[in-house]
$ cat my_file_3.cif   # mmCIF, all heavy atoms
data_model
#
loop_
_atom_site.label_atom_id
_atom_site.label_comp_id
_atom_site.auth_asym_id
_atom_site.auth_seq_id
_atom_site.Cartn_x
_atom_site.Cartn_y
_atom_site.Cartn_z
N MET A 287 -4.52 13.20 -15.14
CA MET A 287 -3.98 14.14 -16.11
C MET A 287 -4.83 15.41 -16.17
O MET A 287 -4.30 16.48 -16.38
CB MET A 287 -3.92 13.45 -17.47
CG MET A 287 -3.20 14.24 -18.51
SD MET A 287 -1.49 14.42 -18.05
CE MET A 287 -0.93 15.52 -19.30
N LYS A 288 -6.15 15.24 -15.98
CA LYS A 288 -7.01 16.41 -16.00
C LYS A 288 -6.67 17.36 -14.86
O LYS A 288 -6.67 18.58 -15.05
CB LYS A 288 -8.47 15.98 -15.91
CG LYS A 288 -9.45 17.13 -16.05
CD LYS A 288 -10.89 16.65 -16.09
CE LYS A 288 -11.31 16.26 -14.70
NZ LYS A 288 -12.75 15.99 -14.59
N ASN A 289 -6.33 16.81 -13.71
CA ASN A 289 -5.95 17.65 -12.57
C ASN A 289 -4.69 18.44 -12.87
O ASN A 289 -4.58 19.61 -12.50
CB ASN A 289 -5.74 16.80 -11.33
CG ASN A 289 -7.04 16.37 -10.70
OD1 ASN A 289 -8.09 16.95 -10.97
ND2 ASN A 289 -6.97 15.34 -9.87
N ALA A 290 -3.72 17.81 -13.52
CA ALA A 290 -2.48 18.50 -13.85
C ALA A 290 -2.74 19.65 -14.83
O ALA A 290 -2.18 20.74 -14.68
CB ALA A 290 -1.47 17.52 -14.44
N LEU A 291 -3.59 19.41 -15.82
CA LEU A 291 -3.89 20.45 -16.79
C LEU A 291 -4.63 21.62 -16.14
O LEU A 291 -4.31 22.78 -16.40
CB LEU A 291 -4.72 19.89 -17.94
CG LEU A 291 -3.99 18.94 -18.88
CD1 LEU A 291 -4.97 18.32 -19.86
CD2 LEU A 291 -2.88 19.66 -19.60
N LEU A 292 -5.60 21.31 -15.31
CA LEU A 292 -6.34 22.38 -14.65
C LEU A 292 -5.45 23.14 -13.67
O LEU A 292 -5.57 24.37 -13.55
CB LEU A 292 -7.56 21.81 -13.93
CG LEU A 292 -8.67 21.28 -14.83
CD1 LEU A 292 -9.77 20.64 -14.00
CD2 LEU A 292 -9.22 22.37 -15.72
N ASN A 293 -4.57 22.45 -12.99
CA ASN A 293 -3.65 23.10 -12.06
C ASN A 293 -2.72 24.05 -12.82
O ASN A 293 -2.53 25.20 -12.42
CB ASN A 293 -2.84 22.04 -11.31
CG ASN A 293 -1.98 22.62 -10.23
OD1 ASN A 293 -2.25 23.68 -9.72
ND2 ASN A 293 -0.94 21.89 -9.88
N GLY A 294 -2.13 23.58 -13.89
CA GLY A 294 -1.24 24.43 -14.69
C GLY A 294 -1.96 25.61 -15.31
O GLY A 294 -1.43 26.73 -15.34
N LEU A 295 -3.18 25.38 -15.77
CA LEU A 295 -3.96 26.47 -16.35
C LEU A 295 -4.31 27.51 -15.30
O LEU A 295 -4.23 28.72 -15.55
CB LEU A 295 -5.24 25.91 -16.99
CG LEU A 295 -6.13 26.90 -17.70
CD1 LEU A 295 -5.41 27.51 -18.89
CD2 LEU A 295 -7.40 26.22 -18.16
N GLY A 296 -4.67 27.05 -14.12
CA GLY A 296 -5.01 27.99 -13.04
C GLY A 296 -3.81 28.81 -12.60
O GLY A 296 -3.92 30.03 -12.42
N ILE A 297 -2.68 28.16 -12.42
CA ILE A 297 -1.48 28.89 -11.99
C ILE A 297 -1.02 29.84 -13.09
O ILE A 297 -0.65 30.99 -12.83
CB ILE A 297 -0.37 27.90 -11.58
CG1 ILE A 297 -0.80 27.16 -10.33
CG2 ILE A 297 0.95 28.62 -11.37
CD1 ILE A 297 0.15 26.06 -9.92
N GLY A 298 -1.03 29.36 -14.34
CA GLY A 298 -0.61 30.22 -15.46
C GLY A 298 -1.50 31.43 -15.63
O GLY A 298 -1.02 32.54 -15.86
N SER A 299 -2.81 31.24 -15.49
CA SER A 299 -3.71 32.39 -15.61
C SER A 299 -3.56 33.34 -14.42
O SER A 299 -3.68 34.55 -14.57
CB SER A 299 -5.16 31.93 -15.76
OG SER A 299 -5.56 31.21 -14.63
N GLY A 300 -3.27 32.78 -13.25
CA GLY A 300 -3.01 33.64 -12.10
C GLY A 300 -1.78 34.50 -12.29
O GLY A 300 -1.78 35.69 -11.97
N VAL A 301 -0.73 33.92 -12.84
CA VAL A 301 0.48 34.69 -13.13
C VAL A 301 0.20 35.74 -14.20
O VAL A 301 0.68 36.88 -14.11
CB VAL A 301 1.63 33.75 -13.55
CG1 VAL A 301 2.82 34.52 -14.07
CG2 VAL A 301 2.04 32.87 -12.39
N ALA A 302 -0.59 35.38 -15.21
CA ALA A 302 -0.92 36.34 -16.26
C ALA A 302 -1.73 37.51 -15.70
O ALA A 302 -1.47 38.67 -16.05
CB ALA A 302 -1.70 35.64 -17.38
N ILE A 303 -2.69 37.23 -14.83
CA ILE A 303 -3.48 38.30 -14.21
C ILE A 303 -2.59 39.20 -13.37
O ILE A 303 -2.70 40.43 -13.41
CB ILE A 303 -4.63 37.70 -13.39
CG1 ILE A 303 -5.66 37.07 -14.31
CG2 ILE A 303 -5.27 38.75 -12.49
CD1 ILE A 303 -6.71 36.25 -13.61
N TYR A 304 -1.69 38.59 -12.61
CA TYR A 304 -0.76 39.38 -11.80
C TYR A 304 0.11 40.29 -12.69
O TYR A 304 0.32 41.46 -12.37
CB TYR A 304 0.12 38.46 -10.97
CG TYR A 304 1.23 39.16 -10.26
CD1 TYR A 304 0.98 39.90 -9.11
CD2 TYR A 304 2.54 39.10 -10.74
CE1 TYR A 304 2.01 40.57 -8.47
CE2 TYR A 304 3.56 39.77 -10.10
CZ TYR A 304 3.30 40.51 -8.96
OH TYR A 304 4.30 41.16 -8.34
N GLU A 305 0.62 39.73 -13.78
CA GLU A 305 1.46 40.52 -14.69
C GLU A 305 0.68 41.70 -15.27
O GLU A 305 1.21 42.81 -15.36
CB GLU A 305 1.97 39.64 -15.83
CG GLU A 305 3.05 38.67 -15.43
CD GLU A 305 4.40 39.33 -15.23
OE1 GLU A 305 4.67 40.37 -15.87
OE2 GLU A 305 5.18 38.81 -14.43
N VAL A 306 -0.56 41.48 -15.66
CA VAL A 306 -1.37 42.56 -16.24
C VAL A 306 -1.68 43.61 -15.19
O VAL A 306 -1.63 44.81 -15.47
CB VAL A 306 -2.67 41.98 -16.86
CG1 VAL A 306 -3.64 43.09 -17.21
CG2 VAL A 306 -2.34 41.16 -18.10
N LEU A 307 -1.97 43.18 -13.97
CA LEU A 307 -2.30 44.16 -12.93
C LEU A 307 -1.09 44.99 -12.52
O LEU A 307 -1.24 46.17 -12.18
CB LEU A 307 -2.87 43.45 -11.70
CG LEU A 307 -4.27 42.86 -11.86
CD1 LEU A 307 -4.67 42.11 -10.60
CD2 LEU A 307 -5.28 43.94 -12.17
N THR A 308 0.09 44.41 -12.54
CA THR A 308 1.27 45.15 -12.11
C THR A 308 1.94 45.93 -13.23
O THR A 308 2.49 47.01 -12.99
CB THR A 308 2.30 44.23 -11.46
OG1 THR A 308 2.64 43.18 -12.37
CG2 THR A 308 1.77 43.63 -10.18
N ASN A 309 1.90 45.40 -14.47
CA ASN A 309 2.65 46.03 -15.57
C ASN A 309 1.78 46.54 -16.71
O ASN A 309 2.29 47.16 -17.63
CB ASN A 309 3.66 45.03 -16.15
CG ASN A 309 4.64 44.56 -15.11
OD1 ASN A 309 5.10 45.33 -14.28
ND2 ASN A 309 4.96 43.28 -15.13
N GLY A 310 0.49 46.26 -16.69
CA GLY A 310 -0.36 46.63 -17.81
C GLY A 310 -0.28 45.58 -18.91
O GLY A 310 0.61 44.73 -18.92
N VAL A 311 -1.20 45.66 -19.85
CA VAL A 311 -1.27 44.65 -20.90
C VAL A 311 -0.04 44.70 -21.79
O VAL A 311 0.52 43.67 -22.17
CB VAL A 311 -2.57 44.84 -21.73
CG1 VAL A 311 -2.59 43.87 -22.91
CG2 VAL A 311 -3.79 44.64 -20.87
N SER A 312 0.42 45.89 -22.14
CA SER A 312 1.55 45.98 -23.05
C SER A 312 2.87 45.64 -22.36
O SER A 312 3.81 45.21 -23.03
CB SER A 312 1.64 47.39 -23.63
OG SER A 312 1.82 48.33 -22.59
N GLY A 313 2.95 45.81 -21.06
CA GLY A 313 4.20 45.53 -20.36
C GLY A 313 4.26 44.17 -19.69
O GLY A 313 5.25 43.83 -19.07
N ALA A 314 3.19 43.40 -19.83
CA ALA A 314 3.14 42.09 -19.16
C ALA A 314 4.13 41.13 -19.82
O ALA A 314 4.34 41.16 -21.03
CB ALA A 314 1.73 41.51 -19.22
N ASN A 315 4.73 40.30 -19.00
CA ASN A 315 5.66 39.29 -19.49
C ASN A 315 4.87 38.02 -19.76
O ASN A 315 4.71 37.15 -18.90
CB ASN A 315 6.76 39.05 -18.44
CG ASN A 315 7.87 38.19 -18.97
OD1 ASN A 315 7.77 37.62 -20.05
ND2 ASN A 315 8.94 38.09 -18.20
N TRP A 316 4.35 37.89 -20.98
CA TRP A 316 3.48 36.76 -21.34
C TRP A 316 4.25 35.45 -21.37
O TRP A 316 3.70 34.40 -21.08
CB TRP A 316 2.80 37.02 -22.68
CG TRP A 316 1.89 38.20 -22.61
CD1 TRP A 316 2.10 39.42 -23.15
CD2 TRP A 316 0.63 38.29 -21.93
NE1 TRP A 316 1.07 40.26 -22.86
CE2 TRP A 316 0.15 39.60 -22.12
CE3 TRP A 316 -0.12 37.40 -21.18
CZ2 TRP A 316 -1.07 40.01 -21.58
CZ3 TRP A 316 -1.34 37.82 -20.65
CH2 TRP A 316 -1.79 39.11 -20.85
N TYR A 317 5.53 35.52 -21.75
CA TYR A 317 6.34 34.31 -21.79
C TYR A 317 6.50 33.70 -20.40
O TYR A 317 6.53 32.50 -20.24
CB TYR A 317 7.71 34.58 -22.42
CG TYR A 317 7.61 34.93 -23.88
CD1 TYR A 317 7.91 36.20 -24.34
CD2 TYR A 317 7.20 33.97 -24.80
CE1 TYR A 317 7.80 36.52 -25.67
CE2 TYR A 317 7.09 34.28 -26.13
CZ TYR A 317 7.40 35.55 -26.57
OH TYR A 317 7.29 35.85 -27.90
N ARG A 318 6.60 34.55 -19.39
CA ARG A 318 6.71 34.06 -18.02
C ARG A 318 5.44 33.33 -17.60
O ARG A 318 5.49 32.26 -17.01
CB ARG A 318 6.97 35.21 -17.05
CG ARG A 318 7.00 34.73 -15.60
CD ARG A 318 7.10 35.88 -14.64
NE ARG A 318 8.40 36.52 -14.76
CZ ARG A 318 8.71 37.67 -14.18
NH1 ARG A 318 7.84 38.29 -13.44
NH2 ARG A 318 9.90 38.20 -14.33
N ALA A 319 4.28 33.90 -17.93
CA ALA A 319 3.01 33.27 -17.59
C ALA A 319 2.86 31.92 -18.28
O ALA A 319 2.44 30.94 -17.67
CB ALA A 319 1.85 34.19 -17.95
N ILE A 320 3.22 31.86 -19.55
CA ILE A 320 3.13 30.60 -20.30
C ILE A 320 4.11 29.58 -19.73
O ILE A 320 3.76 28.41 -19.52
CB ILE A 320 3.39 30.85 -21.80
CG1 ILE A 320 2.25 31.68 -22.38
CG2 ILE A 320 3.54 29.53 -22.55
CD1 ILE A 320 2.52 32.20 -23.77
N PHE A 321 5.34 30.01 -19.46
CA PHE A 321 6.35 29.09 -18.93
C PHE A 321 5.94 28.55 -17.57
O PHE A 321 6.05 27.35 -17.32
CB PHE A 321 7.71 29.79 -18.82
CG PHE A 321 8.75 28.95 -18.13
CD1 PHE A 321 9.36 27.93 -18.80
CD2 PHE A 321 9.08 29.18 -16.80
CE1 PHE A 321 10.31 27.14 -18.17
CE2 PHE A 321 10.02 28.40 -16.16
CZ PHE A 321 10.64 27.37 -16.85
N VAL A 322 5.45 29.40 -16.69
CA VAL A 322 5.04 28.95 -15.35
C VAL A 322 3.88 27.97 -15.46
O VAL A 322 3.85 26.95 -14.77
CB VAL A 322 4.69 30.16 -14.46
CG1 VAL A 322 4.01 29.71 -13.18
CG2 VAL A 322 5.94 30.94 -14.12
N GLY A 323 2.92 28.24 -16.32
CA GLY A 323 1.79 27.34 -16.50
C GLY A 323 2.22 25.97 -17.02
O GLY A 323 1.80 24.94 -16.49
N VAL A 324 3.08 25.95 -18.04
CA VAL A 324 3.55 24.67 -18.60
C VAL A 324 4.43 23.94 -17.59
O VAL A 324 4.31 22.72 -17.42
CB VAL A 324 4.30 24.92 -19.93
CG1 VAL A 324 4.99 23.67 -20.41
CG2 VAL A 324 3.34 25.43 -20.99
N PHE A 325 5.30 24.67 -16.91
CA PHE A 325 6.20 24.05 -15.93
C PHE A 325 5.40 23.41 -14.80
O PHE A 325 5.67 22.26 -14.41
CB PHE A 325 7.16 25.11 -15.38
CG PHE A 325 8.14 24.58 -14.38
CD1 PHE A 325 9.24 23.86 -14.79
CD2 PHE A 325 7.94 24.79 -13.02
CE1 PHE A 325 10.14 23.36 -13.86
CE2 PHE A 325 8.84 24.31 -12.09
CZ PHE A 325 9.94 23.59 -12.52
N CYS A 326 4.40 24.12 -14.28
CA CYS A 326 3.59 23.57 -13.20
C CYS A 326 2.78 22.37 -13.67
O CYS A 326 2.58 21.41 -12.91
CB CYS A 326 2.68 24.64 -12.62
SG CYS A 326 3.58 25.88 -11.69
N THR A 327 2.31 22.40 -14.91
CA THR A 327 1.58 21.25 -15.45
C THR A 327 2.46 20.02 -15.49
O THR A 327 2.06 18.93 -15.07
CB THR A 327 1.05 21.57 -16.85
OG1 THR A 327 0.19 22.70 -16.79
CG2 THR A 327 0.28 20.40 -17.44
N VAL A 328 3.68 20.19 -16.00
CA VAL A 328 4.60 19.05 -16.12
C VAL A 328 4.99 18.53 -14.74
O VAL A 328 4.97 17.32 -14.50
CB VAL A 328 5.85 19.46 -16.93
CG1 VAL A 328 6.93 18.39 -16.86
CG2 VAL A 328 5.47 19.73 -18.37
N ILE A 329 5.33 19.42 -13.82
CA ILE A 329 5.74 18.99 -12.49
C ILE A 329 4.60 18.27 -11.78
O ILE A 329 4.79 17.23 -11.15
CB ILE A 329 6.24 20.19 -11.66
CG1 ILE A 329 7.53 20.74 -12.25
CG2 ILE A 329 6.43 19.82 -10.21
CD1 ILE A 329 8.67 19.75 -12.29
N PHE A 330 3.39 18.82 -11.88
CA PHE A 330 2.24 18.19 -11.22
C PHE A 330 1.94 16.83 -11.83
O PHE A 330 1.62 15.87 -11.12
CB PHE A 330 1.03 19.12 -11.32
CG PHE A 330 -0.06 18.79 -10.36
CD1 PHE A 330 0.02 19.18 -9.03
CD2 PHE A 330 -1.18 18.11 -10.77
CE1 PHE A 330 -0.99 18.89 -8.14
CE2 PHE A 330 -2.20 17.81 -9.90
CZ PHE A 330 -2.11 18.19 -8.57
N ALA A 331 2.06 16.69 -13.16
CA ALA A 331 1.80 15.41 -13.81
C ALA A 331 2.86 14.37 -13.43
O ALA A 331 2.53 13.20 -13.17
CB ALA A 331 1.77 15.59 -15.33
N VAL A 332 4.11 14.78 -13.37
CA VAL A 332 5.18 13.86 -12.98
C VAL A 332 5.01 13.43 -11.53
O VAL A 332 5.16 12.25 -11.19
CB VAL A 332 6.58 14.49 -13.21
CG1 VAL A 332 7.67 13.69 -12.56
CG2 VAL A 332 6.83 14.65 -14.69
N TYR A 333 4.65 14.36 -10.67
CA TYR A 333 4.44 14.04 -9.26
C TYR A 333 3.30 13.02 -9.11
O TYR A 333 3.43 12.06 -8.36
CB TYR A 333 4.12 15.31 -8.47
CG TYR A 333 3.67 15.04 -7.06
CD1 TYR A 333 4.58 14.67 -6.08
CD2 TYR A 333 2.33 15.14 -6.71
CE1 TYR A 333 4.17 14.40 -4.79
CE2 TYR A 333 1.92 14.88 -5.42
CZ TYR A 333 2.84 14.52 -4.47
OH TYR A 333 2.41 14.26 -3.19
N ASN A 334 2.21 13.24 -9.83
CA ASN A 334 1.08 12.32 -9.73
C ASN A 334 1.41 10.95 -10.31
O ASN A 334 0.91 9.93 -9.83
CB ASN A 334 -0.15 12.88 -10.44
CG ASN A 334 -0.87 13.87 -9.56
OD1 ASN A 334 -0.73 13.87 -8.36
ND2 ASN A 334 -1.65 14.73 -10.19
N SER A 335 2.26 10.89 -11.32
CA SER A 335 2.59 9.59 -11.90
C SER A 335 3.57 8.82 -11.02
O SER A 335 3.57 7.59 -11.03
CB SER A 335 3.18 9.77 -13.30
OG SER A 335 4.45 10.40 -13.22
N LEU A 336 4.40 9.50 -10.24
CA LEU A 336 5.37 8.84 -9.39
C LEU A 336 4.83 8.57 -7.99
O LEU A 336 5.44 7.79 -7.25
CB LEU A 336 6.64 9.67 -9.29
CG LEU A 336 7.43 9.85 -10.59
CD1 LEU A 336 8.62 10.76 -10.35
CD2 LEU A 336 7.84 8.52 -11.16
N LYS A 337 3.74 9.20 -7.62
CA LYS A 337 3.16 9.03 -6.29
C LYS A 337 2.66 7.58 -6.15
O LYS A 337 2.03 7.06 -7.06
CB LYS A 337 2.00 10.01 -6.12
CG LYS A 337 1.42 10.03 -4.73
CD LYS A 337 0.45 11.17 -4.56
CE LYS A 337 -0.64 11.13 -5.60
NZ LYS A 337 -1.70 12.10 -5.34
N PRO A 338 2.98 6.94 -5.04
CA PRO A 338 2.51 5.56 -4.86
C PRO A 338 0.98 5.51 -4.83
O PRO A 338 0.34 6.36 -4.24
CB PRO A 338 3.09 5.13 -3.53
CG PRO A 338 3.75 6.30 -2.93
CD PRO A 338 3.77 7.42 -3.92
N LYS A 339 0.46 4.51 -5.50
CA LYS A 339 -1.00 4.35 -5.55
C LYS A 339 -1.49 3.80 -4.22
O LYS A 339 -0.89 2.89 -3.65
CB LYS A 339 -1.38 3.37 -6.67
CG LYS A 339 -0.87 3.75 -8.03
CD LYS A 339 -1.59 4.95 -8.56
CE LYS A 339 -1.18 5.23 -9.99
NZ LYS A 339 -0.54 6.46 -10.19
N SER A 340 -2.58 4.35 -3.74
CA SER A 340 -3.14 3.88 -2.48
C SER A 340 -3.98 2.63 -2.78
O SER A 340 -4.79 2.62 -3.70
CB SER A 340 -3.99 4.94 -1.81
OG SER A 340 -5.06 5.29 -2.66
N GLU A 341 -3.76 1.60 -2.01
CA GLU A 341 -4.52 0.37 -2.20
C GLU A 341 -5.68 0.35 -1.21
O GLU A 341 -5.51 0.65 -0.04
CB GLU A 341 -3.62 -0.84 -1.97
CG GLU A 341 -2.49 -0.94 -2.97
CD GLU A 341 -1.61 -2.16 -2.69
OE1 GLU A 341 -2.09 -3.10 -2.09
OE2 GLU A 341 -0.45 -2.10 -3.11
N GLY A 342 -6.85 -0.02 -1.74
CA GLY A 342 -7.95 -0.09 -0.81
C GLY A 342 -9.24 0.16 -1.41
O GLY A 342 -9.86 0.47 -2.20
#
$ encode --input "my_file_3.cif" --output "structure tokens"
Amino acid sequence: MKNALLNGLGIGSGVAIYEVLTNGVSGANWYRAIFVGVFCTVIFAVYNSLKPKSEG
């Protein structure tokens, strides 16, 4: 779960930095950055929970 949170936080902050660099602070689409971060967190967590466990 920690990996999913860190992955989502990293991707979300990357999108936020991109938005600020391209549109400025006042023109940045903050909802997009938050949505992408939460979406990636959920997808990564679901993928890790469904991935077959390696035995060994």
$ resolve_selection --input "my_file_3.cif" --expression "the PyMOL selection byres (((chain A and resi 292-302 and name CA) around 9) and name CA)" --output "VMD selection string"
chain A and resid 287 to 291 303 to 307 314 to 316 318 to 328 330
$ select_by_dssp --input "my_file_3.cif" --residues "chain A" --states "helix (DSSP H, G or I)" --output "number ranges by chain"
A: 288-313, 316-336
$ atom_distance --input "my_file_3.cif" --atom1 "CA of Ile329 in chain A" --atom2 "atom O of Tyr317 in chain A"
15.6 Å
$ decode --input "my_file_3.cif" --residues "range 318-336 of chain A" --atoms "N, CA and C atoms" --output "mmCIF file, in the first residue's frame"
data_model
loop_
_atom_site.group_PDB
_atom_site.id
_atom_site.type_symbol
_atom_site.label_atom_id
_atom_site.label_comp_id
_atom_site.auth_asym_id
_atom_site.auth_seq_id
_atom_site.Cartn_x
_atom_site.Cartn_y
_atom_site.Cartn_z
ATOM 1 N N ARG A 318 -7.096 18.546 -12.042
ATOM 2 C CA ARG A 318 -6.504 17.508 -12.883
ATOM 3 C C ARG A 318 -5.354 16.817 -12.153
ATOM 4 N N ALA A 319 -4.502 17.601 -11.500
ATOM 5 C CA ALA A 319 -3.376 17.022 -10.767
ATOM 6 C C ALA A 319 -3.856 16.131 -9.629
ATOM 7 N N ILE A 320 -4.867 16.576 -8.900
ATOM 8 C CA ILE A 320 -5.417 15.774 -7.801
ATOM 9 C C ILE A 320 -6.067 14.511 -8.345
ATOM 10 N N PHE A 321 -6.856 14.649 -9.412
ATOM 11 C CA PHE A 321 -7.534 13.486 -9.989
ATOM 12 C C PHE A 321 -6.535 12.458 -10.499
ATOM 13 N N VAL A 322 -5.505 12.902 -11.199
ATOM 14 C CA VAL A 322 -4.509 11.968 -11.738
ATOM 15 C C VAL A 322 -3.775 11.262 -10.604
ATOM 16 N N GLY A 323 -3.427 11.985 -9.550
ATOM 17 C CA GLY A 323 -2.758 11.371 -8.413
ATOM 18 C C GLY A 323 -3.618 10.321 -7.725
ATOM 19 N N VAL A 324 -4.891 10.643 -7.475
ATOM 20 C CA VAL A 324 -5.795 9.689 -6.819
ATOM 21 C C VAL A 324 -6.076 8.504 -7.737
ATOM 22 N N PHE A 325 -6.289 8.771 -9.015
ATOM 23 C CA PHE A 325 -6.577 7.698 -9.968
ATOM 24 C C PHE A 325 -5.403 6.722 -10.059
ATOM 25 N N CYS A 326 -4.187 7.245 -10.154
ATOM 26 C CA CYS A 326 -3.012 6.375 -10.243
ATOM 27 C C CYS A 326 -2.810 5.591 -8.956
ATOM 28 N N THR A 327 -3.109 6.199 -7.815
ATOM 29 C CA THR A 327 -2.999 5.487 -6.543
ATOM 30 C C THR A 327 -3.950 4.303 -6.508
ATOM 31 N N VAL A 328 -5.196 4.535 -6.903
ATOM 32 C CA VAL A 328 -6.203 3.469 -6.880
ATOM 33 C C VAL A 328 -5.844 2.365 -7.868
ATOM 34 N N ILE A 329 -5.464 2.734 -9.080
ATOM 35 C CA ILE A 329 -5.133 1.730 -10.088
ATOM 36 C C ILE A 329 -3.920 0.907 -9.654
ATOM 37 N N PHE A 330 -2.898 1.574 -9.122
ATOM 38 C CA PHE A 330 -1.701 0.857 -8.683
ATOM 39 C C PHE A 330 -2.018 -0.074 -7.515
ATOM 40 N N ALA A 331 -2.872 0.361 -6.581
ATOM 41 C CA ALA A 331 -3.241 -0.483 -5.438
ATOM 42 C C ALA A 331 -4.060 -1.689 -5.881
ATOM 43 N N VAL A 332 -4.983 -1.489 -6.810
ATOM 44 C CA VAL A 332 -5.789 -2.602 -7.315
ATOM 45 C C VAL A 332 -4.916 -3.588 -8.072
ATOM 46 N N TYR A 333 -3.998 -3.078 -8.871
ATOM 47 C CA TYR A 333 -3.095 -3.952 -9.620
ATOM 48 C C TYR A 333 -2.252 -4.803 -8.671
ATOM 49 N N ASN A 334 -1.721 -4.175 -7.623
ATOM 50 C CA ASN A 334 -0.901 -4.924 -6.678
ATOM 51 C C ASN A 334 -1.714 -5.940 -5.891
ATOM 52 N N SER A 335 -2.976 -5.652 -5.616
ATOM 53 C CA SER A 335 -3.786 -6.609 -4.863
ATOM 54 C C SER A 335 -4.218 -7.782 -5.728
ATOM 55 N N LEU A 336 -4.353 -7.590 -7.034
ATOM 56 C CA LEU A 336 -4.780 -8.659 -7.928
ATOM 57 C C LEU A 336 -3.618 -9.443 -8.503
#
